[in-house]
>>> print(open('start-v3.cif').read())   # mmCIF, C-alpha atoms
data_target
#
loop_
_atom_site.label_atom_id
_atom_site.label_comp_id
_atom_site.auth_asym_id
_atom_site.auth_seq_id
_atom_site.Cartn_x
_atom_site.Cartn_y
_atom_site.Cartn_z
CA GLU A 200 -16.92 -37.67 201.98
CA PRO A 201 -16.00 -34.11 200.96
CA GLU A 202 -14.67 -33.76 197.44
CA VAL A 203 -13.19 -31.23 195.09
CA THR A 204 -15.50 -30.24 192.26
CA GLN A 205 -14.66 -28.62 188.94
CA THR A 206 -16.74 -26.90 186.29
CA PRO A 207 -17.24 -27.23 183.45
CA SER A 208 -16.43 -30.88 182.85
CA HIS A 209 -15.78 -30.17 179.17
CA GLN A 210 -15.16 -26.94 177.29
CA VAL A 211 -14.59 -26.31 173.61
CA THR A 212 -13.27 -22.91 172.60
CA GLN A 213 -11.80 -21.13 169.62
CA MET A 214 -8.12 -20.24 169.57
CA GLY A 215 -7.56 -16.76 171.00
CA GLN A 216 -10.60 -16.86 173.28
CA GLU A 217 -10.43 -16.52 177.05
CA VAL A 218 -11.51 -19.42 179.25
CA ILE A 219 -12.08 -19.66 182.98
CA LEU A 220 -11.92 -23.01 184.70
CA ARG A 221 -13.50 -23.25 188.12
CA CYS A 222 -12.75 -25.36 191.15
CA VAL A 223 -14.55 -25.61 194.46
CA PRO A 224 -12.07 -26.80 197.09
CA ILE A 225 -12.87 -28.87 200.14
CA SER A 226 -14.08 -26.33 202.70
CA ASN A 227 -11.26 -26.38 205.27
CA HIS A 228 -8.44 -26.70 202.77
CA LEU A 229 -5.86 -23.95 202.56
CA TYR A 230 -3.54 -24.93 199.71
CA PHE A 231 -4.67 -25.03 196.10
CA TYR A 232 -3.07 -26.29 192.92
CA TRP A 233 -3.65 -26.55 189.21
CA TYR A 234 -2.19 -29.33 187.09
CA ARG A 235 -2.68 -30.22 183.47
CA GLN A 236 -2.43 -33.41 181.45
CA ILE A 237 -2.03 -33.23 177.70
CA LEU A 238 -3.50 -36.33 176.09
CA GLY A 239 -1.11 -39.24 176.42
CA GLN A 240 1.37 -37.30 178.53
CA LYS A 241 2.26 -36.86 182.19
CA VAL A 242 0.29 -34.84 184.66
CA GLU A 243 2.24 -31.58 185.03
CA PHE A 244 2.26 -29.03 187.82
CA LEU A 245 1.14 -25.54 186.82
CA VAL A 246 0.77 -23.43 189.95
CA SER A 247 0.26 -23.51 193.71
CA PHE A 248 -1.75 -20.91 195.65
CA TYR A 249 -1.86 -20.15 199.34
CA ASN A 250 -3.10 -17.20 201.37
CA ASN A 251 -4.43 -15.49 198.24
CA GLU A 252 -1.19 -15.48 196.37
CA ILE A 253 0.82 -17.70 194.08
CA SER A 254 3.34 -19.78 196.02
CA GLU A 255 5.09 -21.40 193.11
CA LYS A 256 4.59 -21.75 189.37
CA SER A 257 6.10 -23.84 186.65
CA GLU A 258 7.62 -22.66 183.38
CA ILE A 259 4.35 -23.62 181.69
CA PHE A 260 2.47 -21.01 183.72
CA ASP A 261 3.27 -17.97 181.58
CA ASP A 262 1.58 -14.57 181.34
CA GLN A 263 -1.43 -16.09 179.59
CA PHE A 264 -2.40 -17.87 182.81
CA SER A 265 -3.74 -16.42 186.03
CA VAL A 266 -5.35 -17.77 189.18
CA GLU A 267 -7.54 -16.25 191.85
CA ARG A 268 -10.12 -16.92 194.55
CA PRO A 269 -12.65 -14.25 193.58
CA ASP A 270 -15.16 -14.96 196.32
CA GLY A 271 -13.19 -16.87 198.94
CA SER A 272 -14.57 -20.19 197.84
CA ASN A 273 -14.09 -20.82 194.12
CA PHE A 274 -10.54 -21.15 192.85
CA THR A 275 -10.21 -20.24 189.19
CA LEU A 276 -7.69 -20.69 186.41
CA LYS A 277 -7.95 -18.19 183.57
CA ILE A 278 -6.29 -18.59 180.21
CA ARG A 279 -6.42 -15.20 178.49
CA SER A 280 -5.83 -16.12 174.87
CA THR A 281 -6.00 -19.84 174.29
CA LYS A 282 -3.65 -21.66 171.94
CA LEU A 283 -4.08 -25.02 170.30
CA GLU A 284 -1.47 -26.49 172.64
CA ASP A 285 -3.56 -25.52 175.68
CA SER A 286 -5.86 -28.43 174.83
CA ALA A 287 -5.58 -30.73 177.84
CA MET A 288 -7.27 -32.02 180.96
CA TYR A 289 -6.91 -29.50 183.78
CA PHE A 290 -7.00 -30.77 187.34
CA CYS A 291 -7.52 -28.76 190.49
CA ALA A 292 -6.14 -30.15 193.74
CA THR A 293 -6.52 -28.95 197.31
CA GLU A 294 -4.76 -29.75 200.56
CA ARG A 295 -5.69 -29.03 204.17
CA GLU A 296 -2.16 -28.70 205.49
CA ARG A 297 1.24 -28.99 203.89
CA GLN A 298 2.59 -32.51 203.48
CA GLU A 299 -0.88 -34.02 203.57
CA THR A 300 -2.86 -35.71 200.83
CA GLN A 301 -3.70 -33.60 197.82
CA TYR A 302 -7.29 -34.24 196.78
CA PHE A 303 -7.87 -33.95 193.06
CA GLY A 304 -11.00 -32.84 191.28
CA PRO A 305 -12.45 -34.75 188.32
CA GLY A 306 -10.86 -32.40 185.81
CA THR A 307 -11.98 -30.10 183.01
CA ARG A 308 -11.28 -31.28 179.50
CA LEU A 309 -10.41 -28.24 177.39
CA LEU A 310 -10.34 -28.43 173.61
CA VAL A 311 -9.02 -25.46 171.67
CA LEU A 312 -9.94 -25.38 167.99
CA LYS Z 218 14.79 -31.33 189.48
CA GLN Z 219 12.76 -34.33 190.57
CA GLU Z 220 12.24 -37.03 187.92
CA VAL Z 221 9.78 -39.88 188.45
CA THR Z 222 9.90 -43.05 186.37
CA GLN Z 223 7.47 -45.94 186.34
CA ILE Z 224 8.19 -49.41 185.07
CA PRO Z 225 6.65 -51.20 183.30
CA ALA Z 226 4.75 -48.79 181.06
CA ALA Z 227 2.11 -51.45 180.47
CA LEU Z 228 1.23 -54.74 182.10
CA SER Z 229 -1.28 -57.41 181.25
CA VAL Z 230 -2.06 -60.16 183.78
CA PRO Z 231 -4.72 -62.85 184.21
CA GLU Z 232 -7.33 -62.32 186.88
CA GLY Z 233 -6.29 -63.48 190.34
CA GLU Z 234 -2.61 -62.84 189.89
CA ASN Z 235 -0.61 -60.77 192.36
CA LEU Z 236 1.41 -57.98 190.79
CA VAL Z 237 3.91 -55.25 191.56
CA LEU Z 238 4.19 -51.84 189.99
CA ASN Z 239 7.42 -49.91 190.34
CA CYS Z 240 8.18 -46.25 190.79
CA SER Z 241 11.61 -44.62 191.08
CA PHE Z 242 12.52 -41.02 191.80
CA THR Z 243 15.80 -39.15 191.56
CA ASP Z 244 15.72 -36.85 194.58
CA SER Z 245 15.23 -38.67 197.88
CA ALA Z 246 14.39 -35.46 199.78
CA ILE Z 247 10.63 -35.99 199.57
CA TYR Z 248 7.72 -35.17 201.87
CA ASN Z 249 5.45 -37.96 200.72
CA LEU Z 250 4.56 -40.20 197.82
CA GLN Z 251 1.08 -40.96 196.51
CA TRP Z 252 -0.26 -43.65 194.26
CA PHE Z 253 -3.20 -42.74 192.07
CA ARG Z 254 -5.49 -44.59 189.75
CA GLN Z 255 -6.72 -43.01 186.52
CA ASP Z 256 -9.42 -44.54 184.36
CA PRO Z 257 -9.42 -43.58 180.65
CA GLY Z 258 -10.51 -39.97 180.17
CA LYS Z 259 -11.20 -39.58 183.87
CA GLY Z 260 -9.75 -37.86 186.91
CA LEU Z 261 -7.31 -39.04 189.54
CA THR Z 262 -8.30 -41.26 192.44
CA SER Z 263 -5.89 -41.31 195.34
CA LEU Z 264 -5.13 -44.87 196.46
CA LEU Z 265 -2.42 -44.57 199.08
CA LEU Z 266 -0.24 -41.88 200.60
CA ILE Z 267 3.06 -42.70 202.26
CA GLN Z 268 4.79 -40.05 204.34
CA SER Z 269 8.58 -39.85 204.09
CA SER Z 270 8.91 -41.28 207.60
CA GLN Z 271 6.85 -44.37 206.75
CA ARG Z 272 7.89 -47.60 205.07
CA GLU Z 273 4.53 -48.82 203.84
CA GLN Z 274 0.79 -48.28 203.74
CA THR Z 275 -2.00 -50.77 203.16
CA SER Z 276 -5.55 -50.42 201.96
CA GLY Z 277 -7.51 -53.55 201.22
CA ARG Z 278 -5.73 -55.48 198.49
CA LEU Z 279 -3.22 -52.70 197.95
CA ASN Z 280 0.11 -52.29 199.67
CA ALA Z 281 2.56 -49.52 198.90
CA SER Z 282 6.13 -49.47 200.13
CA LEU Z 283 8.68 -46.70 200.20
CA ASP Z 284 12.47 -46.89 200.29
CA LYS Z 285 13.45 -43.26 200.32
CA SER Z 286 17.20 -43.84 200.40
CA SER Z 287 17.13 -45.82 197.18
CA GLY Z 288 14.46 -43.65 195.58
CA ARG Z 289 11.95 -46.43 195.08
CA SER Z 290 8.34 -47.25 195.78
CA THR Z 291 6.28 -50.27 194.85
CA LEU Z 292 2.55 -50.80 194.65
CA TYR Z 293 1.52 -54.38 195.30
CA ILE Z 294 -1.93 -55.49 194.16
CA ALA Z 295 -3.11 -58.81 195.53
CA ALA Z 296 -5.57 -61.10 193.75
CA SER Z 297 -6.07 -58.76 190.80
CA GLN Z 298 -9.56 -58.27 189.36
CA PRO Z 299 -10.75 -56.96 185.97
CA GLY Z 300 -12.00 -53.85 187.76
CA ASP Z 301 -8.39 -53.04 188.65
CA SER Z 302 -7.69 -52.30 184.98
CA ALA Z 303 -6.57 -48.66 184.81
CA THR Z 304 -3.46 -46.53 184.66
CA TYR Z 305 -1.60 -46.28 187.96
CA LEU Z 306 0.34 -43.12 188.64
CA CYS Z 307 3.06 -42.52 191.17
CA ALA Z 308 3.40 -38.94 192.40
CA VAL Z 309 6.19 -37.54 194.54
CA ASN Z 310 5.72 -34.48 196.73
CA SER Z 311 8.99 -32.66 197.22
CA GLY Z 312 10.36 -29.16 197.56
CA GLY Z 313 8.78 -25.80 197.08
CA TYR Z 314 5.15 -25.47 198.01
CA GLN Z 315 4.35 -29.15 197.83
CA LYS Z 316 4.13 -29.42 194.10
CA VAL Z 317 3.72 -32.98 193.04
CA THR Z 318 5.79 -34.61 190.30
CA PHE Z 319 4.03 -37.41 188.49
CA GLY Z 320 5.41 -40.45 186.75
CA THR Z 321 4.27 -41.50 183.30
CA GLY Z 322 2.13 -44.29 184.72
CA THR Z 323 1.71 -48.02 184.31
CA LYS Z 324 -1.28 -49.12 182.26
CA LEU Z 325 -2.65 -52.28 183.83
CA GLN Z 326 -4.99 -54.70 182.12
CA VAL Z 327 -6.42 -57.60 184.13
CA ILE Z 328 -7.82 -60.26 181.85
CA PRO Z 329 -10.88 -62.21 183.06
#
>>> encode(input="start-v3.cif", output="structure tokens")
Amino acid sequence: EPEVTQTPSHQVTQMGQEVILRCVPISNHLYFYWYRQILGQKVEFLVSFYNNEISEKSEIFDDQFSVERPDGSNFTLKIRSTKLEDSAMYFCATERERQETQYFGPGTRLLVL
Amino acid sequence: KQEVTQIPAALSVPEGENLVLNCSFTDSAIYNLQWFRQDPGKGLTSLLLIQSSQREQTSGRLNASLDKSSGRSTLYIAASQPGDSATYLCAVNSGGYQKVTFGTGTKLQVIP
């Protein structure tokens, strides 16, 4: 069964450093999302992406965050200057059509020191 | 703004018992509702998806129901097993570009 993959599975970085989290969507999926889950808290929506542009973003998704599909396959989330509070599990999700199941990747656990 | 609440926050049952997990949401204008399972420190596994036009979905020992007008969904687990121990998340898909709003989850422990 096709699945969403994410790399790396874990990343440790120093505060102020840039990180790029990568997601490989299921091949025929058109809608892409990033969510995050701070330890012990809810999974929160960050951003949705369709047709090479952001469709919607939450208040969490400030100027430090950006998303792109650099090569038409990978879907990336970049955090330009990480803060301690960016430490969380980041999930990528993809969807073939609107109103269908969102398939979630296994997540990247980011720790900012 | 959609709010999703799950009750109870934690549940401990003996193996073999049937159980019900509850999810409520504030805005009934939804596209669909998903139930997920999350093991500690792991990702999200989709269990069931109910479209807004449906009343229930079944998969094996799991049955999810949806009452959109009252803003409620339940996940019924029959004949619980220790392997069912995990956190169960309810997620509502509504508005905008299909962003999903998650509940806080119910942590289930099935005791052998």
>>> resolve_selection(input="start-v3.cif", expression="the PyMOL selection byres ((chain Z and resi 295) around 8)", output="ChimeraX atom specification")
/Z:233-236,278-279,293-294,296-297
>>> closest_residue(input="start-v3.cif", among="A:Arg268, A:Arg295, A:Arg221, A:Arg235", to="Asn251 (chain A)", atoms="all atoms listed in the file")
A:Arg268
>>> resolve_selection(input="start-v3.cif", expression="the PyMOL selection byres ((chain Z) within 8 of (chain A))", output="PDB file with C-alpha atoms, in the frame of the given file")
ATOM      1  CA  TYR Z 248       7.720 -35.170 201.870  1.00  0.00           C
ATOM      2  CA  ASN Z 249       5.450 -37.960 200.720  1.00  0.00           C
ATOM      3  CA  GLN Z 251       1.080 -40.960 196.510  1.00  0.00           C
ATOM      4  CA  LYS Z 259     -11.200 -39.580 183.870  1.00  0.00           C
ATOM      5  CA  GLY Z 260      -9.750 -37.860 186.910  1.00  0.00           C
ATOM      6  CA  LEU Z 261      -7.310 -39.040 189.540  1.00  0.00           C
ATOM      7  CA  THR Z 262      -8.300 -41.260 192.440  1.00  0.00           C
ATOM      8  CA  SER Z 263      -5.890 -41.310 195.340  1.00  0.00           C
ATOM      9  CA  LEU Z 266      -0.240 -41.880 200.600  1.00  0.00           C
ATOM     10  CA  GLN Z 268       4.790 -40.050 204.340  1.00  0.00           C
ATOM     11  CA  ASN Z 310       5.720 -34.480 196.730  1.00  0.00           C
ATOM     12  CA  GLY Z 313       8.780 -25.800 197.080  1.00  0.00           C
ATOM     13  CA  TYR Z 314       5.150 -25.470 198.010  1.00  0.00           C
ATOM     14  CA  GLN Z 315       4.350 -29.150 197.830  1.00  0.00           C
ATOM     15  CA  LYS Z 316       4.130 -29.420 194.100  1.00  0.00           C
ATOM     16  CA  VAL Z 317       3.720 -32.980 193.040  1.00  0.00           C
ATOM     17  CA  THR Z 318       5.790 -34.610 190.300  1.00  0.00           C
ATOM     18  CA  PHE Z 319       4.030 -37.410 188.490  1.00  0.00           C
ATOM     19  CA  GLY Z 320       5.410 -40.450 186.750  1.00  0.00           C
ATOM     20  CA  THR Z 321       4.270 -41.500 183.300  1.00  0.00           C
ATOM     21  CA  GLY Z 322       2.130 -44.290 184.720  1.00  0.00           C
TER      22      GLY Z 322
END
>>> residues_around(input="start-v3.cif", residues="Ala227 (chain Z)", least_positions_apart="3", cutoff="9 Å", atoms="all atoms listed in the file", output="PyMOL selection string")
chain Z and resi 224+304+322-326
>>> residues_around(input="start-v3.cif", residues="Trp252 (chain Z)", least_positions_apart="3", cutoff="9 Å", atoms="only C-alpha atoms", output="list of chain:residue names")
Z:Thr262, Z:Ser263, Z:Leu264, Z:Leu265, Z:Leu266, Z:Ile267, Z:Ala281, Z:Leu292, Z:Tyr305, Z:Leu306, Z:Cys307, Z:Ala308, Z:Val309
>>> atom_distance(input="start-v3.cif", atom1="CA of Gln205 (chain A)", atom2="CA of Ala303 (chain Z)")
22.0 Å
>>> residues_near_point(input="start-v3.cif", point="(-5.0, -25.5, 169.5)", cutoff="7 Å", atoms="all atoms listed in the file", output="ChimeraX atom specification")
/A:214,282-286,311-312
>>> atom_distance(input="start-v3.cif", atom1="CA of Thr275 (chain A)", atom2="CA of Cys222 (chain A)")
6.0 Å
>>> resolve_selection(input="start-v3.cif", expression="the PyMOL selection byres ((chain A and resi 209) around 8)", output="PyMOL selection string")
chain A and resi 206-208+210-211+307-310
>>> residues_around(input="start-v3.cif", residues="Ser290 (chain Z)", least_positions_apart="4", cutoff="6 Å", atoms="only C-alpha atoms", output="PDB file with C-alpha atoms, in the coordinates of the input")
ATOM      1  CA  CYS Z 240       8.180 -46.250 190.790  1.00  0.00           C
ATOM      2  CA  SER Z 282       6.130 -49.470 200.130  1.00  0.00           C
ATOM      3  CA  LEU Z 283       8.680 -46.700 200.200  1.00  0.00           C
TER       4      LEU Z 283
END
>>> decode(input="start-v3.cif", residues="region 233-267 of chain Z", atoms="N, CA and C atoms", output="PDB file, in the first residue's frame")
ATOM      1  N   GLY Z 233     -11.158  -7.883  26.609  1.00  0.00           N
ATOM      2  CA  GLY Z 233     -12.413  -8.517  26.235  1.00  0.00           C
ATOM      3  C   GLY Z 233     -13.618  -7.610  26.352  1.00  0.00           C
ATOM      4  N   GLU Z 234     -13.448  -6.502  27.031  1.00  0.00           N
ATOM      5  CA  GLU Z 234     -14.587  -5.598  27.216  1.00  0.00           C
ATOM      6  C   GLU Z 234     -14.846  -4.786  25.951  1.00  0.00           C
ATOM      7  N   ASN Z 235     -16.122  -4.487  25.713  1.00  0.00           N
ATOM      8  CA  ASN Z 235     -16.491  -3.554  24.647  1.00  0.00           C
ATOM      9  C   ASN Z 235     -16.432  -2.148  25.215  1.00  0.00           C
ATOM     10  N   LEU Z 236     -16.039  -1.170  24.384  1.00  0.00           N
ATOM     11  CA  LEU Z 236     -15.932   0.179  24.905  1.00  0.00           C
ATOM     12  C   LEU Z 236     -16.301   1.206  23.840  1.00  0.00           C
ATOM     13  N   VAL Z 237     -16.614   2.404  24.331  1.00  0.00           N
ATOM     14  CA  VAL Z 237     -17.015   3.502  23.454  1.00  0.00           C
ATOM     15  C   VAL Z 237     -16.196   4.738  23.782  1.00  0.00           C
ATOM     16  N   LEU Z 238     -15.629   5.327  22.751  1.00  0.00           N
ATOM     17  CA  LEU Z 238     -14.920   6.589  22.894  1.00  0.00           C
ATOM     18  C   LEU Z 238     -15.768   7.677  22.249  1.00  0.00           C
ATOM     19  N   ASN Z 239     -15.783   8.839  22.874  1.00  0.00           N
ATOM     20  CA  ASN Z 239     -16.651   9.916  22.416  1.00  0.00           C
ATOM     21  C   ASN Z 239     -15.882  11.103  21.864  1.00  0.00           C
ATOM     22  N   CYS Z 240     -16.467  11.715  20.874  1.00  0.00           N
ATOM     23  CA  CYS Z 240     -15.887  12.907  20.250  1.00  0.00           C
ATOM     24  C   CYS Z 240     -17.035  13.883  19.994  1.00  0.00           C
ATOM     25  N   SER Z 241     -16.841  15.145  20.357  1.00  0.00           N
ATOM     26  CA  SER Z 241     -17.851  16.151  20.034  1.00  0.00           C
ATOM     27  C   SER Z 241     -17.186  17.331  19.357  1.00  0.00           C
ATOM     28  N   PHE Z 242     -17.920  17.980  18.468  1.00  0.00           N
ATOM     29  CA  PHE Z 242     -17.380  19.116  17.722  1.00  0.00           C
ATOM     30  C   PHE Z 242     -18.422  20.224  17.683  1.00  0.00           C
ATOM     31  N   THR Z 243     -17.950  21.460  17.575  1.00  0.00           N
ATOM     32  CA  THR Z 243     -18.840  22.605  17.760  1.00  0.00           C
ATOM     33  C   THR Z 243     -19.520  23.070  16.474  1.00  0.00           C
ATOM     34  N   ASP Z 244     -18.871  22.876  15.351  1.00  0.00           N
ATOM     35  CA  ASP Z 244     -19.432  23.335  14.082  1.00  0.00           C
ATOM     36  C   ASP Z 244     -19.841  22.116  13.262  1.00  0.00           C
ATOM     37  N   SER Z 245     -21.129  21.975  13.014  1.00  0.00           N
ATOM     38  CA  SER Z 245     -21.627  20.772  12.340  1.00  0.00           C
ATOM     39  C   SER Z 245     -21.417  20.795  10.823  1.00  0.00           C
ATOM     40  N   ALA Z 246     -20.927  21.911  10.291  1.00  0.00           N
ATOM     41  CA  ALA Z 246     -20.674  22.007   8.844  1.00  0.00           C
ATOM     42  C   ALA Z 246     -19.329  21.356   8.525  1.00  0.00           C
ATOM     43  N   ILE Z 247     -19.313  20.028   8.514  1.00  0.00           N
ATOM     44  CA  ILE Z 247     -18.052  19.310   8.302  1.00  0.00           C
ATOM     45  C   ILE Z 247     -18.089  18.550   6.990  1.00  0.00           C
ATOM     46  N   TYR Z 248     -16.915  18.231   6.448  1.00  0.00           N
ATOM     47  CA  TYR Z 248     -16.821  17.394   5.263  1.00  0.00           C
ATOM     48  C   TYR Z 248     -16.716  15.923   5.650  1.00  0.00           C
ATOM     49  N   ASN Z 249     -15.878  15.653   6.621  1.00  0.00           N
ATOM     50  CA  ASN Z 249     -15.738  14.285   7.100  1.00  0.00           C
ATOM     51  C   ASN Z 249     -15.089  14.278   8.476  1.00  0.00           C
ATOM     52  N   LEU Z 250     -15.065  13.124   9.066  1.00  0.00           N
ATOM     53  CA  LEU Z 250     -14.471  12.944  10.391  1.00  0.00           C
ATOM     54  C   LEU Z 250     -13.645  11.672  10.346  1.00  0.00           C
ATOM     55  N   GLN Z 251     -12.436  11.744  10.886  1.00  0.00           N
ATOM     56  CA  GLN Z 251     -11.553  10.580  10.926  1.00  0.00           C
ATOM     57  C   GLN Z 251     -11.226  10.221  12.350  1.00  0.00           C
ATOM     58  N   TRP Z 252     -11.070   8.934  12.575  1.00  0.00           N
ATOM     59  CA  TRP Z 252     -10.517   8.440  13.829  1.00  0.00           C
ATOM     60  C   TRP Z 252      -9.118   7.897  13.538  1.00  0.00           C
ATOM     61  N   PHE Z 253      -8.189   8.301  14.400  1.00  0.00           N
ATOM     62  CA  PHE Z 253      -6.799   7.869  14.281  1.00  0.00           C
ATOM     63  C   PHE Z 253      -6.367   7.160  15.549  1.00  0.00           C
ATOM     64  N   ARG Z 254      -5.351   6.368  15.392  1.00  0.00           N
ATOM     65  CA  ARG Z 254      -4.672   5.754  16.526  1.00  0.00           C
ATOM     66  C   ARG Z 254      -3.243   6.284  16.548  1.00  0.00           C
ATOM     67  N   GLN Z 255      -2.754   6.604  17.749  1.00  0.00           N
ATOM     68  CA  GLN Z 255      -1.367   7.043  17.893  1.00  0.00           C
ATOM     69  C   GLN Z 255      -0.718   6.277  19.035  1.00  0.00           C
ATOM     70  N   ASP Z 256       0.327   5.538  18.704  1.00  0.00           N
ATOM     71  CA  ASP Z 256       1.118   4.862  19.724  1.00  0.00           C
ATOM     72  C   ASP Z 256       2.150   5.841  20.271  1.00  0.00           C
ATOM     73  N   PRO Z 257       2.613   5.649  21.501  1.00  0.00           N
ATOM     74  CA  PRO Z 257       3.520   6.616  22.132  1.00  0.00           C
ATOM     75  C   PRO Z 257       4.735   6.951  21.254  1.00  0.00           C
ATOM     76  N   GLY Z 258       4.951   8.217  21.015  1.00  0.00           N
ATOM     77  CA  GLY Z 258       6.102   8.671  20.246  1.00  0.00           C
ATOM     78  C   GLY Z 258       6.055   8.340  18.770  1.00  0.00           C
ATOM     79  N   LYS Z 259       4.893   7.888  18.307  1.00  0.00           N
ATOM     80  CA  LYS Z 259       4.778   7.445  16.914  1.00  0.00           C
ATOM     81  C   LYS Z 259       3.844   8.345  16.110  1.00  0.00           C
ATOM     82  N   GLY Z 260       3.669   7.971  14.848  1.00  0.00           N
ATOM     83  CA  GLY Z 260       2.811   8.727  13.954  1.00  0.00           C
ATOM     84  C   GLY Z 260       1.345   8.386  14.120  1.00  0.00           C
ATOM     85  N   LEU Z 261       0.573   8.799  13.123  1.00  0.00           N
ATOM     86  CA  LEU Z 261      -0.878   8.660  13.165  1.00  0.00           C
ATOM     87  C   LEU Z 261      -1.323   7.579  12.190  1.00  0.00           C
ATOM     88  N   THR Z 262      -2.111   6.649  12.680  1.00  0.00           N
ATOM     89  CA  THR Z 262      -2.656   5.603  11.823  1.00  0.00           C
ATOM     90  C   THR Z 262      -4.145   5.852  11.667  1.00  0.00           C
ATOM     91  N   SER Z 263      -4.585   6.033  10.423  1.00  0.00           N
ATOM     92  CA  SER Z 263      -6.000   6.259  10.186  1.00  0.00           C
ATOM     93  C   SER Z 263      -6.776   4.964  10.392  1.00  0.00           C
ATOM     94  N   LEU Z 264      -7.841   5.040  11.171  1.00  0.00           N
ATOM     95  CA  LEU Z 264      -8.664   3.856  11.462  1.00  0.00           C
ATOM     96  C   LEU Z 264      -9.925   3.844  10.607  1.00  0.00           C
ATOM     97  N   LEU Z 265     -10.651   4.942  10.656  1.00  0.00           N
ATOM     98  CA  LEU Z 265     -11.924   5.024   9.947  1.00  0.00           C
ATOM     99  C   LEU Z 265     -12.157   6.455   9.501  1.00  0.00           C
ATOM    100  N   LEU Z 266     -12.776   6.598   8.347  1.00  0.00           N
ATOM    101  CA  LEU Z 266     -13.187   7.903   7.840  1.00  0.00           C
ATOM    102  C   LEU Z 266     -14.676   7.861   7.578  1.00  0.00           C
ATOM    103  N   ILE Z 267     -15.401   8.826   8.117  1.00  0.00           N
ATOM    104  CA  ILE Z 267     -16.836   8.919   7.850  1.00  0.00           C
ATOM    105  C   ILE Z 267     -17.092  10.220   7.102  1.00  0.00           C
TER     106      ILE Z 267
END
